[in-house]
Each structure stands twice: as structure tokens, then as C-alpha cells.
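Here the structure comes first, spelled out in C-alpha cells, and everything after it is commentary.
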Amino acid sequence: MNNSPRPPVTTANNHSDRLAMIENARRAVLGGGAPGAGQRIAPWIERSWRRCLAQGFLPRQPLVFDPVPASAMKRVMETNQPLLRAAAPVIQSLARTMADTRYFAILTDAQGVVIDVNGPIDHQDRRASLIARVGVDLSEHRVGTTAIGATLAELQPLWLHRGEHFFDTASVYSCAGAPLFGPDGRCVGMLDLTGVDVPERPALKHLVSQSALSIENALTLAQPHHLLLRLNWAGRMPGEDSDGLVCVDRDGVIVGTNRAAADMLALAPCAPWPHCSDVFAIPTDNLFDAARAQRGAVELPLWSGLRLQVLARFNDGRASTTPQRPATHAGVPLREVETALIRRAVEEARGNVMQAARVLGISRATVYRKIGRR
């Protein structure tokens, strides 16, 4: 006998209760209540409402969906070609997934300007056609609280239903949104799933989150790189959408990651990328050797003391030879010059690698890498 709890069933009564709760929160917050007045709504919704009030918006004022000027839109589309290419197959799949729900997908840039739409859009319904068009500005400072504006402000997946939008006329919409991050850790846009006068579908928050990860992975894989590392924790073999992805150049420098890899390796977003030897507690050549030998995933240590399953592959999927660095003008390879200086610093520190690293202003891992010691 299966005694596991059943998921809650949506009924007319609890739907009405939800709308009544939202209305009470609107009266409390938008009526001039003190911070925290909307206790039964998510804190991020109240924050967005208060930002709208601070801009001088009023809930009952007419809502206008303005397109950006054509010249500006041309630049937006040119700038976002990598995002459009990465998102295209995902958005097409979403259209099939949501075909029977009357929800559709909207892709925006990092400022909330629509750059693509797809799905079962009822173009006879002006409320849908107003927002489902390339070039319209759906940022918070234009249309108030929406999943689009709030997602770009909060940088996390969100669900927004009817009266949780700021403007009264926007209360016909229900939407889920997730931010999109590029290989450098910066937000490059967002993905939104919206319906007009439709039943609430909170499961779409999970769908949009997973779809955003697929787009981010595609953006990372499109990053120019020589070596690709797929990461996962010990006990979980790489080969899934949840893998960490690390793009590495010919010299072993990390040039891009997806969010999963940045979290696994504790890399700060938008910070300069480290060398692989500053992250992995092994010689970097071992990673290239593993790719050259077409080995399966191997368990490797990090300097943090944690261990990861790592699958290394060259960008073309075949074995490759890592070229040497170019020589300096004096005919001496730059690597030899660097190594000689580092060895001298270690000798002057009487073998104390940590002290030598502090003097040189580099990490201990870099010293080990340059002098070939563990």
C-alpha cells in the first residue's frame, strides 16, 4: 500500500483564497503600509512593488508597452546573437511542451527588451500580442512588477501570478522567469513563460529553471576553448545537464564556465579566470593527457580538499597536442624565464613556498605548477 502524500489538488476554493491573499497584500503595501506589510507574499514581490512606487507609478494608471527605437533594437539584436543561437532549440522545445497550456516563451536581453518569442500565442488577443513581440521593453522601470523585471532584479527563478503584478491591467498575466548567465558569470538576459487569463501553473518555475540551464550550457560550449572539462561530484558520473562545464585554453587558463562549475570550484562571478593549477591540485598537463588518451571520468582533488569526477575532452573531440608557448624576443621561452624567477624566489625563501608566493604576489598553486613540485 502506498502511503506517500499526494500532491495538493487545485480547486476553485483555494484558487479564490490565493487571489484574496494577493488582494489583501496589495491593499496593505500599495495602500501605504510600512515595510513588511505584505507578510503573505514573497518578500521580492514587495520589494518590486515598492521600487515601482518610488518611481511614481500608481497601480491604476494606464500601462503602455513601448518598443525601443529601431536603431537601438538593431544593436540589441546584433549584440545578442550568441544568446539567440543558444536559446533557439530550447525555446522551440518549450513551445511543444506548453502547447496545451496557453503559455508561451519570451526571451529578453539583460535590460528586459524582448529578442525572441515562441509558443501558442493568441495574436487575436491584444493582451498577448502587446507583450509577445520582439523589441518591446518589458523592464521593471517600464511595465512595473513582472517576472521579467523582478527576475533581472533578483537574479533568481521566480513565479508571479495575476495581482502580484504591480499594475492593475497586468493582473491578467501569470508568468515564470529565470535569469540567464553567460560563461563569464554575468547576467545576459532572462527566459520568461507567460499566459493570459490562464490557470496558475507553478510547475513552470521548474521548467523555466531547467530550460535556462540548457541555454547557459549552450552558451558555455560555444565559448572558444581548447579543452572542455565536465565536472560532477564523486558518485555522479559526468554526462548530464547538471554537469559543471569548464572551458580551458591551450595554456591551461580557464576561459569560461557554467554556473554549476563556478559553484563547484568556488569561482567568483565576473572575476579574472584562474589557471587550472590554481584550482586542481594536480599538474595541468595531467588534464591534457587525460583528454589525449580519451580516458573516461577520473576522480581529481581540488586545492579545497574536495574531489570531483572530471571528464576531459579536446574541443574537436579528438586527441591533440598542446603547443609550446611562443619564445620571447631574446629567444628564451617565456615559461623558462618565469620558472627561473620563481625558483630563485623559492631559494631565497629557503624552500618556503608560501613565503615565496607572497613575495611574488601569486598563489601557492602557481608556484607549485611553475617549478613542477607537489
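Quick note on naming: the chains in the C-alpha cells go A, B, ... in the order shown, residues restart at 1 in each chain, and ligands are numbered from 1 in order of appearance.
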
For this session: Assign secondary structure with DSSP using the backbone only, and return the residues of range 241-277 of chain A in strand (DSSP E or B) as a list in words.
Result: Gly244, Leu245, Val246, Cys247, Val248, Val253, Ile254, Val255, Gly256, Thr257 and His275 of chain A

Next, the residues of the selection above should be written as a PDB file, in the first residue's frame with N, CA and C atoms.
```
ATOM      1  N   GLY A 244      29.055  20.422 -14.317  1.00  0.00           N
ATOM      2  CA  GLY A 244      29.811  21.657 -14.419  1.00  0.00           C
ATOM      3  C   GLY A 244      30.603  21.624 -15.717  1.00  0.00           C
ATOM      4  N   LEU A 245      30.653  22.738 -16.422  1.00  0.00           N
ATOM      5  CA  LEU A 245      31.399  22.842 -17.679  1.00  0.00           C
ATOM      6  C   LEU A 245      32.492  23.881 -17.526  1.00  0.00           C
ATOM      7  N   VAL A 246      33.727  23.494 -17.824  1.00  0.00           N
ATOM      8  CA  VAL A 246      34.865  24.404 -17.716  1.00  0.00           C
ATOM      9  C   VAL A 246      35.580  24.437 -19.059  1.00  0.00           C
ATOM     10  N   CYS A 247      35.694  25.604 -19.648  1.00  0.00           N
ATOM     11  CA  CYS A 247      36.411  25.780 -20.906  1.00  0.00           C
ATOM     12  C   CYS A 247      37.833  26.252 -20.591  1.00  0.00           C
ATOM     13  N   VAL A 248      38.818  25.616 -21.207  1.00  0.00           N
ATOM     14  CA  VAL A 248      40.224  25.874 -20.916  1.00  0.00           C
ATOM     15  C   VAL A 248      40.958  26.181 -22.214  1.00  0.00           C
ATOM     16  N   VAL A 253      44.584  28.005 -18.977  1.00  0.00           N
ATOM     17  CA  VAL A 253      43.826  29.056 -18.302  1.00  0.00           C
ATOM     18  C   VAL A 253      42.329  28.843 -18.539  1.00  0.00           C
ATOM     19  N   ILE A 254      41.538  28.930 -17.494  1.00  0.00           N
ATOM     20  CA  ILE A 254      40.085  28.815 -17.620  1.00  0.00           C
ATOM     21  C   ILE A 254      39.550  30.050 -18.333  1.00  0.00           C
ATOM     22  N   VAL A 255      38.738  29.847 -19.356  1.00  0.00           N
ATOM     23  CA  VAL A 255      38.218  30.973 -20.142  1.00  0.00           C
ATOM     24  C   VAL A 255      36.695  31.062 -20.077  1.00  0.00           C
ATOM     25  N   GLY A 256      36.049  30.146 -19.358  1.00  0.00           N
ATOM     26  CA  GLY A 256      34.593  30.206 -19.230  1.00  0.00           C
ATOM     27  C   GLY A 256      34.081  29.010 -18.462  1.00  0.00           C
ATOM     28  N   THR A 257      32.973  29.206 -17.753  1.00  0.00           N
ATOM     29  CA  THR A 257      32.328  28.106 -17.039  1.00  0.00           C
ATOM     30  C   THR A 257      30.822  28.330 -17.053  1.00  0.00           C
ATOM     31  N   HIS A 275      44.189  29.963 -13.504  1.00  0.00           N
ATOM     32  CA  HIS A 275      44.780  28.839 -14.224  1.00  0.00           C
ATOM     33  C   HIS A 275      44.252  27.555 -13.596  1.00  0.00           C
TER      34      HIS A 275
END
```

For this session: Could you give me the residues within range 177-332 of chain A that DSSP places in alpha helix (DSSP H), as JSON, numbers by chain?
Result: {"A": [204, 205, 206, 207, 208, 209, 210, 211, 212, 213, 214, 215, 216, 217, 218, 219, 220, 221, 259, 260, 261, 262, 263, 264, 284, 285, 286, 287, 288, 289, 290, 291, 292]}

Exercise. Hey, which of A:Leu219, A:Val136, A:Ala128, A:Ile45 ends up closest to Asn80 in chain A? Count only C-alpha atoms.
Worked result: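 The closest residue to Asn80 in chain A is A:Leu219.
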
For this session: Please provide the set of residues having any atom within 12 Å of Pro62 in chain A, restricted to only C-alpha atoms, with same-chain residues fewer than 4 positions apart removed, written as a PyMOL selection string.
Result: chain A and resi 57-58+142-144+166-170

Selection export as a tab-separated table (two decimals), in the first residue's frame, atoms kept: N, CA and C atoms:
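Result written to selection05.tsv:
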```
chain	number	residue	atom	x	y	z
A	57	PHE	N	4.99	55.37	-9.94
A	57	PHE	CA	3.91	54.61	-10.57
A	57	PHE	C	2.71	54.50	-9.64
A	58	LEU	N	1.52	54.43	-10.23
A	58	LEU	CA	0.29	54.16	-9.50
A	58	LEU	C	-0.37	52.92	-10.10
A	142	ARG	N	9.67	50.13	-16.94
A	142	ARG	CA	8.69	50.43	-17.99
A	142	ARG	C	7.30	49.88	-17.67
A	143	VAL	N	7.24	48.63	-17.21
A	143	VAL	CA	5.93	47.98	-17.04
A	143	VAL	C	5.72	47.48	-15.61
A	144	GLY	N	6.53	47.94	-14.68
A	144	GLY	CA	6.31	47.58	-13.28
A	144	GLY	C	6.68	46.14	-12.97
A	166	PHE	N	2.37	44.62	-10.59
A	166	PHE	CA	2.11	45.91	-9.95
A	166	PHE	C	0.87	46.59	-10.52
A	167	PHE	N	0.80	46.73	-11.82
A	167	PHE	CA	-0.30	47.47	-12.43
A	167	PHE	C	-1.57	46.62	-12.48
A	168	ASP	N	-2.70	47.27	-12.23
A	168	ASP	CA	-3.98	46.55	-12.25
A	168	ASP	C	-4.21	45.86	-13.59
A	169	THR	N	-3.88	46.54	-14.69
A	169	THR	CA	-4.15	45.97	-16.01
A	169	THR	C	-3.23	44.79	-16.34
A	170	ALA	N	-2.17	44.60	-15.54
A	170	ALA	CA	-1.26	43.47	-15.76
A	170	ALA	C	-1.71	42.23	-15.00
```

Glu164 in chain A environment, 10 Å, only C-alpha atoms, sequence neighbours closer than 4 positions dropped, as a PDB file with C-alpha atoms, in the first residue's frame:
```
ATOM      1  CA  LEU A  19      -6.353  35.704  -5.154  1.00  0.00           C
ATOM      2  CA  ILE A  22      -2.839  38.725  -3.076  1.00  0.00           C
ATOM      3  CA  GLU A  23      -5.528  41.416  -2.928  1.00  0.00           C
ATOM      4  CA  ALA A  25      -1.316  42.234   0.289  1.00  0.00           C
ATOM      5  CA  ARG A  26      -1.902  44.834  -2.425  1.00  0.00           C
ATOM      6  CA  ILE A  41       3.508  37.455  -0.317  1.00  0.00           C
ATOM      7  CA  ALA A  42       7.109  36.756  -1.231  1.00  0.00           C
ATOM      8  CA  ILE A  45       7.328  40.972  -4.693  1.00  0.00           C
ATOM      9  CA  GLU A  46       7.011  43.620  -2.006  1.00  0.00           C
ATOM     10  CA  SER A  48       9.455  45.255  -6.529  1.00  0.00           C
ATOM     11  CA  TRP A  49       6.156  46.960  -5.650  1.00  0.00           C
ATOM     12  CA  THR A 145       6.424  44.254 -11.455  1.00  0.00           C
ATOM     13  CA  THR A 146       6.563  41.282 -13.816  1.00  0.00           C
ATOM     14  CA  ALA A 147       8.515  38.038 -13.775  1.00  0.00           C
ATOM     15  CA  TRP A 159       6.797  32.755 -10.224  1.00  0.00           C
ATOM     16  CA  LEU A 160       4.290  35.599 -10.480  1.00  0.00           C
ATOM     17  CA  ASP A 168      -3.980  46.552 -12.250  1.00  0.00           C
ATOM     18  CA  ALA A 170      -1.265  43.469 -15.762  1.00  0.00           C
ATOM     19  CA  SER A 171      -3.267  41.225 -13.429  1.00  0.00           C
ATOM     20  CA  TYR A 173      -0.889  37.619 -16.708  1.00  0.00           C
ATOM     21  CA  SER A 174       0.740  34.653 -14.953  1.00  0.00           C
TER      22      SER A 174
END
```

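Distance annotation: of A:Leu265, A:Val64, A:Ala357, A:Leu84, the residue with the minimal separation from Ala218 in chain A is A:Leu84; atom set is only C-alpha atoms.
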
For this session: Write out as a PyMOL selection string which residues come within 8 Å of Pro238 in chain A when counting only C-alpha atoms, dropping same-chain ones fewer than 3 positions away.
Result: chain A and resi 230-232+243+297+309-311

Exercise. Of the candidates A:Cys276, A:Ile131, A:Ala266, A:Ala153, which one gets nearest to Asp66 in chain A if we count only C-alpha atoms?
Worked result: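 Of A:Cys276, A:Ile131, A:Ala266, A:Ala153, the one nearest Asp66 in chain A, counting only C-alpha atoms, is A:Ile131.
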
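With CA of His161 in chain A on one side and CA of Glu200 in chain A on the other, the separation reads 6.8 Å.
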
Exercise. Counting only C-alpha atoms, which of A:Leu228, A:Ala262, A:Ala86, A:Ala54 gets nearest to Leu180 in chain A?
Worked result: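 The shortest atom-to-atom distance to Leu180 in chain A comes from A:Ala86.
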
Exercise. Separation of CA of Arg40 in chain A and CA of Glu140 in chain A, in Å?
Worked result: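 Pair CA of Arg40 in chain A / CA of Glu140 in chain A returns 22.0 Å.
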
For this session: Point out the residue among A:Leu130, A:Ala345, A:Ala365, A:Met77 with the least atom-to-atom distance to Asp116 in chain A, counting only C-alpha atoms.
Result: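 Distance minimum relative to Asp116 in chain A lands on A:Met77.
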
Seminar exercise, completed: Across A:Ile148, A:Leu306, A:Ile121, A:Leu213, the smallest distance to Val90 in chain A, with only C-alpha atoms counted, is shown by A:Leu213
